[in-house]
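Presented below is the structure to which this report refers.
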Amino acid sequence: MSMNTQGRPTGVGTAGTSASGSALLPDEPLLFEIGDNEHSGVDLPDVDLATDRLGGFARKSKLDLAGLTEPEAMRHYVRLSRLNHSIDSGMYPLGSCTMKHNPRLNEKMARLPGFADIHPLQPVSTVQGALELMNQLSHWLMTLTNTAAVALSPKAGAHGELLGMMAIKAAQEAKGEAHRKIVLVPESAHGTNPATAAFLGYSVKPIPARDDGTVDVQAVKNALSSDVAAIMLTNPNTCGLFEPQVIEIAQAVHDAGAFFYCDGANFNAIMGVVRPGDLGIDAMHINLHKTFSTPHGGGGPGAGPVVLSEALAPFAPVPFVRKGKDGLEMVEHIEGEALGRVTAFHGQMGMYVRALTYMLSHGADGLAQAAEDAVLNANYVKAKLEHLFSVPFPDYPTMHEALFDDSFLKGTDISTLDFAKALIDEGFHPMTMYFPLVVHGAMLIEPTESESKQTLDHFCEVMAELANDAKAGNKERFTGAPMKAPRRRLDETRAARQPILKWERPADLPKAAE
Amino acid sequence: MTTKFTPDHEYIRIEGTTGVVGITNYAQEQLGDIVFVELPSVGKVLKKGDEAAVVESVKAASEIYAPVSGTVTEVNDALTGEPGLVNNDPENGGWMFKIAIDDAGELDKLLDDAGYADLTK
Amino acid sequence: MRYLPHSDHERAEMLGVIGASDIDALFSAVPKSALKNFELDLPDHSPEFLVEAHMRALANQNHAAGDGPFFVGAGAYRHHVPATVDHLIQRSEWLTAYTPYQPEISQGTLQMLFEFQTQVAKITGMDVANASLYDGSTGTAEAVLMARRLTRRNKVVLSGGLHPHYRDVVRAYLKDDPHLECLSPSPEGQGDILDHIDADTAAIVIQTPDFYGHLRNVEAAAKAAHDQGALLIVVITEVVSLGLLEAPGALGADIVVAEGQSIGNALNFGGPYLGLMATKKEFIRQMPGRLCGETVDADGNRGFVLTLSTREQHIRREKATSNICTNSGLCALAFSIHMGLLGEAGFVRLARLNHFNAIRLANALDGVPGVTVLNKTFFNEMTIRVTQPATALVERLAQRGILAGVPASRLLPGDPEVENLIILAATELTTEGDIAALCAALTEELA
């Protein structure tokens with residue numbers, strides 16, 4: 001494989017020229033093309049290390065890092081930032097991703113020195129406020145879900161899912177039922193579900209979707225046996241529908257001696273309105289970044305606390321907080337069947353602060369209102385667009401997402417991808433495409449509760465206009481899109497066939513310092 | 001020289017007691033640009049239907065199954081540097097591996113030219 | 001409610017467009033018994049100033065690192081983060097952007113990740129780095145699984161110098177796996193891992209500087225592992241050390257995992273942190289996590305995309321290299337900006353200053369009666385043996401306003417060998433006054 005020796009695809013960019021054609025969006029060269037190994041934006045004293053304690057392991061190889069002074073760095077990262085779409089600048093109708101407003105109070109609170117500048121291993125007596133915060137967050141999560149316990153530490157949704165399934169595995173083993181090696185996963189599931197089950201050594205048995213987009217309790221019953229450890233079910237499901245038979249499914253799963261793992265990715269649609277514990281779930285992760293609006297940050301960090309039923313509570317991992325005789329204690333070790341530790345330290349404290357701030361701001365009434373508004377907005381988009389787009393599952397009102405398929409594009413020679421890319425030229429992020437997999441050419445739209453009626457009306461007008469244009473045969477608008485973004489479509493085949501994964505100094509570009 | 005096909009779009013070109021395996025032109029069109037091919041190791045013993053190789057396009061990964069039982073005798077190392085051969089020349093330069101056929105009888109159960117053409121109509 | 005744009009009038013109008021009588025009609029698929037059939041023991045919405053007061057009250061109950069002399073490390077380190085870093089990562093376009101799956105409108109994040117991958121590859125001396133993982137501990141577990149896939153062998157040996165939490169995470173990921181060998185804690189820097197490598201070994205995992213601060217011989221470990229066809233995984237919890245210590249890649253490491261928190265990221269009571277992973281180019285396809293690569297757009301202009309994504313769960317589902325579906329994007333950004341500000345000159349100076357202060361600390365501790373410094377070698381962290389159980393001593397020092405380090409028994413409870421050990425770190429923020437205050441207090445407490 002060639003890393004970057006095949007020559008650069010284009011010459012080194014020059015600040016000030018713009019591929020996007022916008023004077024305010026100049027192309028920005030790479031850090032390594034503008035910085036060098038002498039510039040630095042940090043003033044540090046140089047010290048005399050006449051003797052060291054490195055035992056002969058001192059660095060001999062070159063670092064070759066690039067540095068920038070503060071004004072240069074500011075400009076580099078501000079210019080780069082402007083090549084990004086963001087919630088603050090425009091809508092993300094991204095189904096299953098829940099791109100809602102990120103209140104800035106949350107950021108301010110997370111930066112209080114009493115939260116940001118405390119060490120996970122300083123004496124527990126010196127961090128009682130942090131433990132109390134974890135306690136309060138746990139109370140909110142358990143109350144909203146009506147569950148018996150919560151494990152806060154998972155680093156993200158998929159990590160929480162892993163932990164939840166580990167707890168189920170440990171519980172089955174404790175029951176003497178380690179032979180249960182099958183996990184049921186509906187076909188419409190998020191890809192992490194089968195990946196998690198397989199990771200833990202389970203074989204995955206898919207449950208086919210019904211024509212109406214929901215899971216059939218009879219299909220689950222047929223698949224259940226004494227070899228099934230658990231079902232992994234997303235509710236509301238990935239088609240944006242609430243599973244109407246979820247209570248019967250939970251009952252059947254429990255009757256068969258299996259556990260019900262609920263993928264809580266879509267909890268934002270029902271928070272304060274439905275408690276998953278009332279539906280019979282045993283474990284559910286909650287994506288704090290989706291439901292409780294910790295910022296997405298261009299791809300993390302997330303946080304994925306897992307609520308657990310009475311049956312699974314004994315299998316929670318460390319650490320957890322409990323009341324002791326001298327205040328709150330952090331339990332960091334327990335012997336026995338519990339599954340130990342899934343991350344160093346105590347999880348995503350910075351996200352706990354943001355999520356609790358968000359919860360306190362909304363209150364129970366505000367969270368329920370947010371869920372209802374999210375559902376209202378999705379149904380509104382669906383109602384405004386269903387005469388032009390094709391709805392694969394019209395039988396139920398949708399929850400927080402409106403799902404369309406690509407049959408409205410039949411005969412136009414325009415793909416779902418082309419259609420979505422055309423949205424970019426209208427100032428919107430594309431909707432989720434080709435997911436869930438059970439729908440052909442799926443377009444999954446999640447407005448979230450943060451969008452005003454005015455924005456939704458504008459979005460629907462744009463969508464309608466695009467649909468009409470597609471049907472009228474104006475193909476170029478779609479297949480060539482986007483035209484107005486900082487970049488046109490990128491050559492992903494080239495990127496994958498000859499991966500260039502880091503910058504390497506071109507042979508004709510000497511080190512700036514030399 | 002005879003070529004047989006599986007319903008999963010693998011072909012096997014029979015050269016004496018050896019079969020040359022790859023994916024059909026129809027399959028490569030469906031998959032789009034191939035960016036990586038994971039080949040079996042030489043000497044690997046495969047049963048008919050075993051996962052033998054994986055082809056990856058930008059957005060999908062697809063398993064290639066052994067059309068018959070046998071032992072891998074040679075793999076097409078050219079695909080490592082140039083996976084696009086599977087797109088450009090699937091049935092010649094884009095072959096994936098050669099297999100010493102255990103039981104020629106298994107070939108009878110595969111599709112012939114006409115049968116495969118029917119399948120992809 | 002200040003975050004919800006609709007007025008009641010608008011809500012009614014929208015329900016009219018939908019043709020629903022009321023909002024509950026949209027929840028008709030929910031079983032009646034489960035819909036709003038409860039009272040929640042939670043408060044109602046609250047104005048910003050009251051929420052802030054509530055949170056400040058909690059924060060004020062904590063002793064912040066900046067409140068007094070501070071020597072706590074053991075896998076998370078207090079360093080100065082330039083104001084520019086925190087300002088920039090709070091810009092809307094970084095903070096509130098989604099994962100860059102639509103590259104045309106995500107070039108900022110993507111170019112940053114490409115620069116980040118380059119920085120990580122350079123400091124570790126490896127061919128390639130991914131776009132980050134959750135943290136160092138989960139990264140270590142992922143590296144172990146990766147090594148098993150690469151070698152198709154099962155046995156994995158963890159050094160006694162590996163951070164005990166990292167060891168515990170690997171144990172949880174490999175629950176009950178008889179092929180996992182965890183060597184006894186080695187507070188004196190003793191190492192016998194080389195004797196545990198055999199022809200079934202997929203990988204050995206060593207940490208340097210190790211949990212107790214000792215520097216380990218990466219080159220010897222690499223040679224011993226490679227002689228048996230095994231891989232060497234090197235774990236680094238203090239990434240600043242790479243400014244002064246030889247890159248593991250130059251010494252033969254196959255996979256390097258590091259906790260990147262020290263650069264650009266606050267202590268945050270343990271998270272969010274930043275997992276770094278780097279490897280050799282021939283192992284890329286078995287490396288978990290997102291990768292950003294360079295390509296061109298339809299007009300031939302340079303651009304960046306997430307690539308090799310077929311390794312990931314959303315495509316491979318049950319055949320993915322890992323179930324993870326996120327990186328630590330914003331933490332990686334903070335790392336990359338801080339590293340960009342430091343540059344080579346600043347990064348080396350930062351490392352030298354850390355080592356310099358640690359030497360001062362070691363020399364001062366050596367002079368305290370009842371204290372023995374166990375380290376011959378260290379970077380910015382060391383272990384001392386005291387004449388009393390460490391936990392109570394550290395607690396008493398905390399009551400005096402000095403956060404004196406981590407009692408080893410906090411992470412290794414019940415092990416009498418470590419009961420009197422404290423692990424202490426010095427960074428660029430450690431002053432002579434801090435060291436003097438610590439030593440004076442220790443002298444009194446141990447008298």
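Chain labels run A, B, ... following the order of the structure tokens; each chain numbers its residues from 1, and ligands are numbered from 1 in the order shown.
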Test item: chain A residues at most 12 Å from chain B, counting only C-alpha atoms, as a list in words: Met1, Ser2, Tyr434, Leu490, Asp491, Glu492, Thr493, Arg494, Ala495, Ala496, Arg497, Gln498 and Pro499 of chain A
How would the residues just picked look written out with N, CA and C atoms as a compact mmCIF listing (two decimals), in the first residue's frame?
```txt
# COMPACT_ATOMS: atom_id res chain seq x y z
N MET A 1 0.83 -1.20 0.00
CA MET A 1 0.00 0.00 0.00
C MET A 1 0.86 1.25 0.00
N SER A 2 0.41 2.21 -0.71
CA SER A 2 1.20 3.43 -0.78
C SER A 2 0.58 4.50 0.10
N TYR A 434 -30.44 5.56 3.09
CA TYR A 434 -30.19 4.11 3.02
C TYR A 434 -30.19 3.46 4.40
N LEU A 490 -16.71 13.91 -3.46
CA LEU A 490 -15.34 13.43 -3.29
C LEU A 490 -15.20 12.00 -3.78
N ASP A 491 -14.01 11.70 -4.26
CA ASP A 491 -13.73 10.39 -4.85
C ASP A 491 -13.39 9.39 -3.74
N GLU A 492 -14.42 8.70 -3.28
CA GLU A 492 -14.21 7.78 -2.16
C GLU A 492 -13.50 6.50 -2.60
N THR A 493 -13.68 6.13 -3.88
CA THR A 493 -12.99 4.95 -4.38
C THR A 493 -11.49 5.16 -4.35
N ARG A 494 -11.08 6.32 -4.80
CA ARG A 494 -9.66 6.65 -4.79
C ARG A 494 -9.12 6.64 -3.36
N ALA A 495 -9.89 7.23 -2.44
CA ALA A 495 -9.44 7.28 -1.04
C ALA A 495 -9.24 5.88 -0.47
N ALA A 496 -10.10 4.95 -0.85
CA ALA A 496 -10.05 3.61 -0.27
C ALA A 496 -9.04 2.70 -0.99
N ARG A 497 -8.86 2.92 -2.30
CA ARG A 497 -7.94 2.03 -3.02
C ARG A 497 -6.49 2.34 -2.69
N GLN A 498 -6.17 3.59 -2.58
CA GLN A 498 -4.79 3.99 -2.28
C GLN A 498 -4.83 4.89 -1.06
N PRO A 499 -5.02 4.32 0.12
CA PRO A 499 -5.26 5.19 1.28
C PRO A 499 -4.08 6.11 1.58
```
All helix (DSSP H, G or I) residues (DSSP, backbone) inside region 2-190 of chain A, as a VMD selection string: chain A and resid 31 to 34 70 to 81 104 to 110 113 to 116 124 to 126 128 to 145 157 to 174
Strand (DSSP E) residues, from DSSP on the backbone, in region 24-112 of chain B, as a PyMOL selection string: chain B and resi 34-38+45-46+51-57+61-65+70-75+97-101
Of the listed residues C:Leu4, C:Leu110, C:Leu308, C:Leu350, that which approaches chain B most closely, counting only C-alpha atoms: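 For chain B, the nearest of the given residues is C:Leu308.
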Pull the closest atom pair for each residue of region 63-125 of chain C that gets at most 12 Å from region 204-210 of chain C, along with the distance in Å to one decimal, counting only C-alpha atoms, ordering rows by chain and then ascending residue number, as a Markdown table.
```
| residue | atom | partner | partner_atom | distance |
| --- | --- | --- | --- | --- |
| C:Gly73 | CA | C:Asp210 | CA | 11.9 |
| C:Ala74 | CA | C:Asp210 | CA | 9.3 |
| C:Gly75 | CA | C:Asp210 | CA | 9.7 |
```
Okay, now the selection with C-alpha atoms, as a PDB file, in the first residue's frame?
```pdb
ATOM      1  CA  GLY C  73      -1.598  11.483  38.197  1.00  0.00           C
ATOM      2  CA  ALA C  74      -1.848   7.724  37.633  1.00  0.00           C
ATOM      3  CA  GLY C  75      -3.334   7.939  34.170  1.00  0.00           C
TER       4      GLY C  75
END
```
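For Val68 (chain B), the residues within 7 Å (counting only C-alpha atoms, excluding itself and residues fewer than 2 positions away along the chain) are B:Lys47, B:Lys48, B:Ala66, B:Gly70, B:Ile101, B:Glu106, B:Leu107.
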Counting only C-alpha atoms, the option among C:Asn363, C:Gln190, C:Asn268, C:Asn357 closest to chain A: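 So, comparing all the options, the nearest one is C:Asn268.
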Atomic separation - CA of Lys155 (chain C) relative to CA of Thr201 (chain C), Å: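 Taking CA of Thr201 (chain C) and CA of Lys155 (chain C), their separation equals 4.5 Å.
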Å distance separating CA of Ala441 (chain C) from CA of His63 (chain C), one decimal place: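 Atom-to-atom, CA of Ala441 (chain C) and CA of His63 (chain C) are spaced 18.0 Å apart.
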If you take only C-alpha atoms and a cut-off of 7 Å, which residues of region 7-107 of chain A touch region 94-102 of chain C, and what are their nearest atom pairs and distances in Å to one decimal, in chain and number order, as a Markdown table?
```
| residue | atom | partner | partner_atom | distance |
| --- | --- | --- | --- | --- |
| A:Ser81 | CA | C:Trp94 | CA | 6.0 |
| A:Asn84 | CA | C:Ala97 | CA | 6.9 |
| A:His85 | CA | C:Ala97 | CA | 6.2 |
| A:Ser86 | CA | C:Ala97 | CA | 4.2 |
| A:Ile87 | CA | C:Thr96 | CA | 5.4 |
| A:Asp88 | CA | C:Thr96 | CA | 6.6 |
```
Separation of CA of Leu49 (chain A) from CA of Ser61 (chain A), in Å and rounded to one decimal: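 Result for CA of Leu49 (chain A) versus CA of Ser61 (chain A): 18.8 Å, one decimal.
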Residue contacts of Arg104 (chain A) (12 Å, only C-alpha atoms) excluding same-chain residues fewer than 5 positions away, as JSON, numbers by chain: {"A": [88, 109, 110, 111, 293, 294, 295, 354, 355, 357, 358, 361], "C": [3, 48, 52, 90, 91, 92, 95, 96]}
C-alpha atoms of the current selection, written as a CSV table (one decimal), in the first residue's frame:
```csv
chain,number,residue,atom,x,y,z
A,88,ASP,CA,-26.0,26.5,15.0
A,109,MET,CA,-21.3,24.6,33.7
A,110,ALA,CA,-19.0,21.8,32.4
A,111,ARG,CA,-16.1,24.3,32.6
A,293,SER,CA,-28.1,17.3,24.1
A,294,THR,CA,-24.5,17.0,24.9
A,295,PRO,CA,-22.8,18.4,21.8
A,354,ARG,CA,-24.1,18.9,30.6
A,355,ALA,CA,-26.9,16.4,30.7
A,357,THR,CA,-27.9,20.9,33.4
A,358,TYR,CA,-30.1,20.2,30.4
A,361,SER,CA,-33.4,23.5,32.7
C,3,TYR,CA,-35.3,25.9,24.2
C,48,GLU,CA,-31.1,29.7,33.7
C,52,GLU,CA,-26.6,27.7,37.3
C,90,GLN,CA,-16.5,26.1,21.5
C,91,ARG,CA,-17.0,27.6,18.1
C,92,SER,CA,-20.4,26.5,16.7
C,95,LEU,CA,-18.9,22.0,18.7
C,96,THR,CA,-22.3,21.5,17.0
```
Can you list, as a compact mmCIF listing (two decimals) with C-alpha atoms, in the first residue's frame, every protein, DNA or RNA residue that comes within 8 Å of Ile64 (chain B) when you count only C-alpha atoms, leaving out same-chain residues fewer than 6 positions away?
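Output file result-v7.txt follows:
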```
# COMPACT_ATOMS: atom_id res chain seq x y z
CA GLU B 10 -19.29 -16.64 -8.19
CA ILE B 23 -17.13 -13.02 -9.34
CA GLU B 51 -16.52 -18.07 3.13
CA ALA B 52 -13.41 -17.94 0.97
CA ALA B 53 -12.76 -14.26 0.28
CA VAL B 54 -14.22 -10.83 0.90
CA VAL B 55 -14.61 -8.04 -1.64
```
Contacts of Thr234 (chain A) at 6 Å (only C-alpha atoms; same-chain gap of 3+ positions) as a ChimeraX atom specification: /A:237,262-263
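Comparing the minimum interatomic distances between Arg180 (chain A) and each of A:Tyr396, A:Ile334, A:Ser309, A:Phe259, counting only C-alpha atoms, we find that A:Phe259 sits nearest.
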Which residues come within 9 Å of Leu113 (chain C), counting only C-alpha atoms, excluding same-chain residues fewer than 3 positions away, as a PDB file with C-alpha atoms, in the first residue's frame?
```pdb
ATOM      1  CA  GLY C 108     -13.145  21.407   8.480  1.00  0.00           C
ATOM      2  CA  THR C 109     -13.567  18.375  10.707  1.00  0.00           C
ATOM      3  CA  LEU C 110     -12.034  16.059   8.125  1.00  0.00           C
ATOM      4  CA  PHE C 116      -4.547  14.868  13.985  1.00  0.00           C
ATOM      5  CA  GLN C 117      -3.741  11.442  12.522  1.00  0.00           C
ATOM      6  CA  THR C 118      -0.491  12.853  11.190  1.00  0.00           C
ATOM      7  CA  ASN C 130      -6.824   6.416  13.544  1.00  0.00           C
ATOM      8  CA  ALA C 131      -9.156   9.341  14.221  1.00  0.00           C
ATOM      9  CA  SER C 132      -9.238   8.430  17.963  1.00  0.00           C
ATOM     10  CA  LEU C 291      -9.982   6.812   9.573  1.00  0.00           C
ATOM     11  CA  CYS C 292      -9.760   9.965   7.518  1.00  0.00           C
ATOM     12  CA  GLY C 293      -8.050   9.879   4.139  1.00  0.00           C
ATOM     13  CA  GLY C 329     -13.957  14.182  17.924  1.00  0.00           C
ATOM     14  CA  ALA C 332      -9.163  15.128  19.246  1.00  0.00           C
ATOM     15  CA  LEU C 333      -9.698  18.688  18.049  1.00  0.00           C
ATOM     16  CA  SER C 336      -4.698  18.819  17.646  1.00  0.00           C
TER      17      SER C 336
END
```
